[in-house]
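Undergrad: Pasting in a structure now, in structure tokens, and then I'll have a few things to ask.
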Amino acid sequence: MALVAPSILAADFTMLRDQIQTADKGGADWIHVDVMDGHFVPNITFGPLLVSAVNRMTDRFLDVHLMIDNPDFFIEDFVKAGADSLTVHYEAVVHLNRTVNRIKELGVKVGVAINPSTPTDILKEIVNDVDLILVMSVNAGFGGQKFIESSYRRISEVKSMIPKGKDVRIEVDGGVTSENAGKLVSSGADVLVAGTSVFKSANIPAAIKELKTA
Ligand code: DX5
Ligand code: ZN
């Protein structure tokens, strides 16, 4: 069964605590926090202060997705804020090996994300050093976008790169619904990030369950 990581980007911020706790009690495995800087992606969202607040609202694993340029400048702040995992974008980092090692040294899990137009091949040099590969199934920047169909193939390509017995999870993010979840899991996804399909649904626990069992 896949892990489900609701993305709070789609939550109602006027009642964020309530929404997170509903997801938490409704079976969310992780809570996904989308950090955007207005440079790497054309949108601005949250910083370490919000991560710290979310950390006080739930005991769930905080999966922090950094869609920012120069993530090295902020890694320590997000770890201090309570992130359990930091995922950086391949496209935003020049010295990826250094950044990955720095995150590990700080004692949290580390992920590398790739945008839909980045060839999966580039992951060969990094896949053995990370805990997670995040395959973007929309162009990073906004919730509520249409799922890109080539993502199934891309997930399978990443899956075939991970050596047997090596604990590297594949996460998929963007346009994930109960309709595509089953095929995503059979393609190799271990963690389903879902914003709209969870927080915009009438029944958050039911939406999480549908994704888990898809
Ligand atoms: C997009 C973010 C996603 C976003 C997904 O750049 O990384 O995590 O919240 O939202 P949905 O599930 O609505 O596509
Ligand atoms: Zn995300």
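Chain identifiers are assigned as A, B, and so on, following the order in which chains appear in the structure tokens; residues are numbered from 1 within each chain, and ligands are numbered from 1 in order of appearance.
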Report as an MDAnalysis selection string which protein, DNA and RNA residues come within 9 Å of ligand 1, using only C-alpha atoms and all ligand atoms.
TA: chainID A and resid 6:10 32:36 41 65:67 136:147 172:177 193:200
Undergrad: Taking C-alpha atoms for each residue, export the selection above as a PDB file, in the first residue's frame.
TA:
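Output file selection-v9.pdb is given in full below:
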ATOM      1  CA  PRO A   6      -1.550  15.400   1.670  1.00  0.00           C
ATOM      2  CA  SER A   7      -0.157  18.716   0.432  1.00  0.00           C
ATOM      3  CA  ILE A   8      -1.353  21.593   2.595  1.00  0.00           C
ATOM      4  CA  LEU A   9      -1.062  23.930  -0.398  1.00  0.00           C
ATOM      5  CA  ALA A  10      -4.691  23.034  -1.145  1.00  0.00           C
ATOM      6  CA  HIS A  32       3.671  17.566   2.488  1.00  0.00           C
ATOM      7  CA  VAL A  33       4.692  21.233   2.695  1.00  0.00           C
ATOM      8  CA  ASP A  34       5.399  23.097  -0.561  1.00  0.00           C
ATOM      9  CA  VAL A  35       7.959  25.867  -0.151  1.00  0.00           C
ATOM     10  CA  MET A  36       8.071  28.265  -3.134  1.00  0.00           C
ATOM     11  CA  VAL A  41       8.782  28.751  -9.510  1.00  0.00           C
ATOM     12  CA  HIS A  65       9.432  20.122  -0.787  1.00  0.00           C
ATOM     13  CA  LEU A  66      11.790  23.011  -1.504  1.00  0.00           C
ATOM     14  CA  MET A  67      10.934  24.701  -4.798  1.00  0.00           C
ATOM     15  CA  MET A 136       6.935  15.825 -10.533  1.00  0.00           C
ATOM     16  CA  SER A 137       3.810  14.971 -12.512  1.00  0.00           C
ATOM     17  CA  VAL A 138       2.967  18.654 -13.137  1.00  0.00           C
ATOM     18  CA  ASN A 139       5.235  21.658 -13.633  1.00  0.00           C
ATOM     19  CA  ALA A 140       6.206  22.734 -10.126  1.00  0.00           C
ATOM     20  CA  GLY A 141       4.555  25.891  -8.876  1.00  0.00           C
ATOM     21  CA  PHE A 142       0.834  25.438  -8.393  1.00  0.00           C
ATOM     22  CA  GLY A 143      -1.750  23.056  -7.049  1.00  0.00           C
ATOM     23  CA  GLY A 144      -4.714  21.918  -9.087  1.00  0.00           C
ATOM     24  CA  GLN A 145      -2.898  21.306 -12.395  1.00  0.00           C
ATOM     25  CA  LYS A 146      -3.541  18.525 -14.869  1.00  0.00           C
ATOM     26  CA  PHE A 147      -1.558  15.312 -14.410  1.00  0.00           C
ATOM     27  CA  VAL A 172       4.906  11.438  -7.189  1.00  0.00           C
ATOM     28  CA  ASP A 173       3.509  14.958  -6.907  1.00  0.00           C
ATOM     29  CA  GLY A 174       0.929  16.821  -8.980  1.00  0.00           C
ATOM     30  CA  GLY A 175      -2.545  15.992 -10.199  1.00  0.00           C
ATOM     31  CA  VAL A 176      -2.696  12.758  -8.196  1.00  0.00           C
ATOM     32  CA  THR A 177      -6.268  11.445  -7.824  1.00  0.00           C
ATOM     33  CA  VAL A 193       1.379  13.540  -2.754  1.00  0.00           C
ATOM     34  CA  ALA A 194      -2.134  14.920  -3.128  1.00  0.00           C
ATOM     35  CA  GLY A 195      -3.349  18.458  -2.560  1.00  0.00           C
ATOM     36  CA  THR A 196      -6.597  19.142  -4.392  1.00  0.00           C
ATOM     37  CA  SER A 197      -7.902  15.571  -4.328  1.00  0.00           C
ATOM     38  CA  VAL A 198      -7.593  15.515  -0.521  1.00  0.00           C
ATOM     39  CA  PHE A 199      -8.226  19.018   0.809  1.00  0.00           C
ATOM     40  CA  LYS A 200     -10.810  20.117  -1.759  1.00  0.00           C
TER      41      LYS A 200
END
Undergrad: Report the closest atom pair, with its distance in Å rounded to one decimal, for each residue of range 22-50 of chain A that has an atom no farther than 8 Å from range 70-90 of chain A; count only C-alpha atoms, sort by chain and then rising residue number, and write it as a tab-separated table.
TA:
residue	atom	partner	partner_atom	distance
A:Gly47	CA	A:Phe78	CA	7.9
A:Pro48	CA	A:Phe78	CA	5.2
A:Leu49	CA	A:Ala81	CA	6.9
Undergrad: Among range 11-192 of chain A, which ones does DSSP place in strand (DSSP E), written as a count of residues only?
TA: 37
Undergrad: What does the structure give for the distance between CA of Met15 in chain A and CA of Ile68 in chain A, in Å to one decimal?
TA: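 Taking CA of Met15 in chain A and CA of Ile68 in chain A, their separation equals 26.0 Å.
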Undergrad: Counting only C-alpha atoms and all ligand atoms, which residue out of A:Ile148, A:Ile20, A:Leu211, A:Val64 sits closest to ligand 2?
TA: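 Ranked by minimum distance to ligand 2, first place goes to A:Val64.
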Undergrad: Can you tell me, as a list of chain:residue names, what residues are no more than 9 Å from Met1 in chain A when counting only C-alpha atoms, ignoring any on the same chain fewer than 3 positions away?
TA: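 Listing them by chain and then by number gives A:Val185, A:Asp190, A:Lys212, A:Thr213, A:Ala214.
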Undergrad: With N, CA, C and O atoms retained, write the just-selected residues as an mmCIF file, in the first residue's frame.
TA:
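Dumped everything to result-v9.cif:
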data_model
loop_
_atom_site.group_PDB
_atom_site.id
_atom_site.type_symbol
_atom_site.label_atom_id
_atom_site.label_comp_id
_atom_site.auth_asym_id
_atom_site.auth_seq_id
_atom_site.Cartn_x
_atom_site.Cartn_y
_atom_site.Cartn_z
ATOM 1 N N VAL A 185 1.009 3.611 -8.544
ATOM 2 C CA VAL A 185 1.614 2.637 -7.619
ATOM 3 C C VAL A 185 2.155 1.447 -8.413
ATOM 4 O O VAL A 185 3.279 0.987 -8.177
ATOM 5 N N ASP A 190 5.850 4.953 -4.408
ATOM 6 C CA ASP A 190 5.675 4.518 -3.010
ATOM 7 C C ASP A 190 4.918 5.553 -2.193
ATOM 8 O O ASP A 190 4.309 5.224 -1.181
ATOM 9 N N LYS A 212 -5.062 5.504 -0.752
ATOM 10 C CA LYS A 212 -4.272 4.414 -0.166
ATOM 11 C C LYS A 212 -4.609 3.064 -0.759
ATOM 12 O O LYS A 212 -3.738 2.221 -0.928
ATOM 13 N N THR A 213 -5.876 2.866 -1.034
ATOM 14 C CA THR A 213 -6.309 1.545 -1.472
ATOM 15 C C THR A 213 -6.405 1.441 -2.989
ATOM 16 O O THR A 213 -6.804 0.407 -3.505
ATOM 17 N N ALA A 214 -6.062 2.524 -3.677
ATOM 18 C CA ALA A 214 -6.210 2.528 -5.142
ATOM 19 C C ALA A 214 -5.286 1.510 -5.795
ATOM 20 O O ALA A 214 -4.207 1.254 -5.318
#
Undergrad: So the first atom is CA of Ala189 in chain A and the second is CA of Asp29 in chain A; what is the distance between them in Å, to one decimal place?
TA: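 Going from CA of Ala189 in chain A over to CA of Asp29 in chain A, I get 14.5 Å.
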Undergrad: I'd like to know which of A:Gln21, A:Asn128, A:Asn115, A:Asn180 is closest to ligand 2, using only C-alpha atoms and all ligand atoms.
TA: A:Asn115
Undergrad: Could you check which of A:Val110, A:Val135, A:Lys25, A:Glu105 is closest to ligand 2, using only C-alpha atoms and all ligand atoms?
TA: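 Nearest candidate to ligand 2 out of A:Val110, A:Val135, A:Lys25, A:Glu105: A:Val135.
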Undergrad: Can you work out the spacing between CA of Asp18 in chain A and CA of Glu171 in chain A in Å, to one decimal?
TA: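 Result for CA of Asp18 in chain A versus CA of Glu171 in chain A: 25.4 Å, one decimal.
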Undergrad: Could you give me, as a PyMOL selection string, the residues within 10 Å of Glu91 in chain A, counting only C-alpha atoms and dropping anything in the same chain fewer than 4 positions from it?
TA: chain A and resi 40+67-69+96+112-115+118
Undergrad: Could you tell me which of A:Phe46, A:Val108, A:Arg17, A:Ala23 comes closest to ligand 2 if we count only C-alpha atoms and all ligand atoms?
TA: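 Answer, going by the shortest atom-to-atom distance: A:Phe46.
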Undergrad: Extract, using only C-alpha atoms, all DNA, RNA and protein residues at most 6 Å from Val4 in chain A, discarding same-chain residues fewer than 3 positions from it, and format them as a list in words.
TA: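 Within the cut-off, the hits are Ala28, Asp29, Val191 and Leu192 of chain A.
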Undergrad: Could you turn the residues from that selection into a file that holds N, CA and C atoms, as a JSON list (two decimals), in the first residue's frame?
TA:
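Contents of part-v4.json, as written:
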[["chain", "number", "residue", "atom", "x", "y", "z"],
["A", 28, "ALA", "N", -3.50, 10.16, 7.00],
["A", 28, "ALA", "CA", -2.34, 10.70, 6.26],
["A", 28, "ALA", "C", -1.06, 10.12, 6.87],
["A", 29, "ASP", "N", -0.16, 9.67, 6.01],
["A", 29, "ASP", "CA", 1.10, 9.11, 6.51],
["A", 29, "ASP", "C", 2.10, 10.23, 6.74],
["A", 191, "VAL", "N", 5.03, 6.82, -2.58],
["A", 191, "VAL", "CA", 4.40, 7.90, -1.83],
["A", 191, "VAL", "C", 3.60, 8.77, -2.80],
["A", 192, "LEU", "N", 2.32, 8.96, -2.50],
["A", 192, "LEU", "CA", 1.45, 9.79, -3.34],
["A", 192, "LEU", "C", 1.22, 11.12, -2.64]]
Undergrad: Have a look at A:Leu16, A:Asn97, A:Asp131, A:Pro42 and name the one nearest to Thr58 in chain A; count only C-alpha atoms.
TA: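 Closest residue, counting only C-alpha atoms: A:Leu16.
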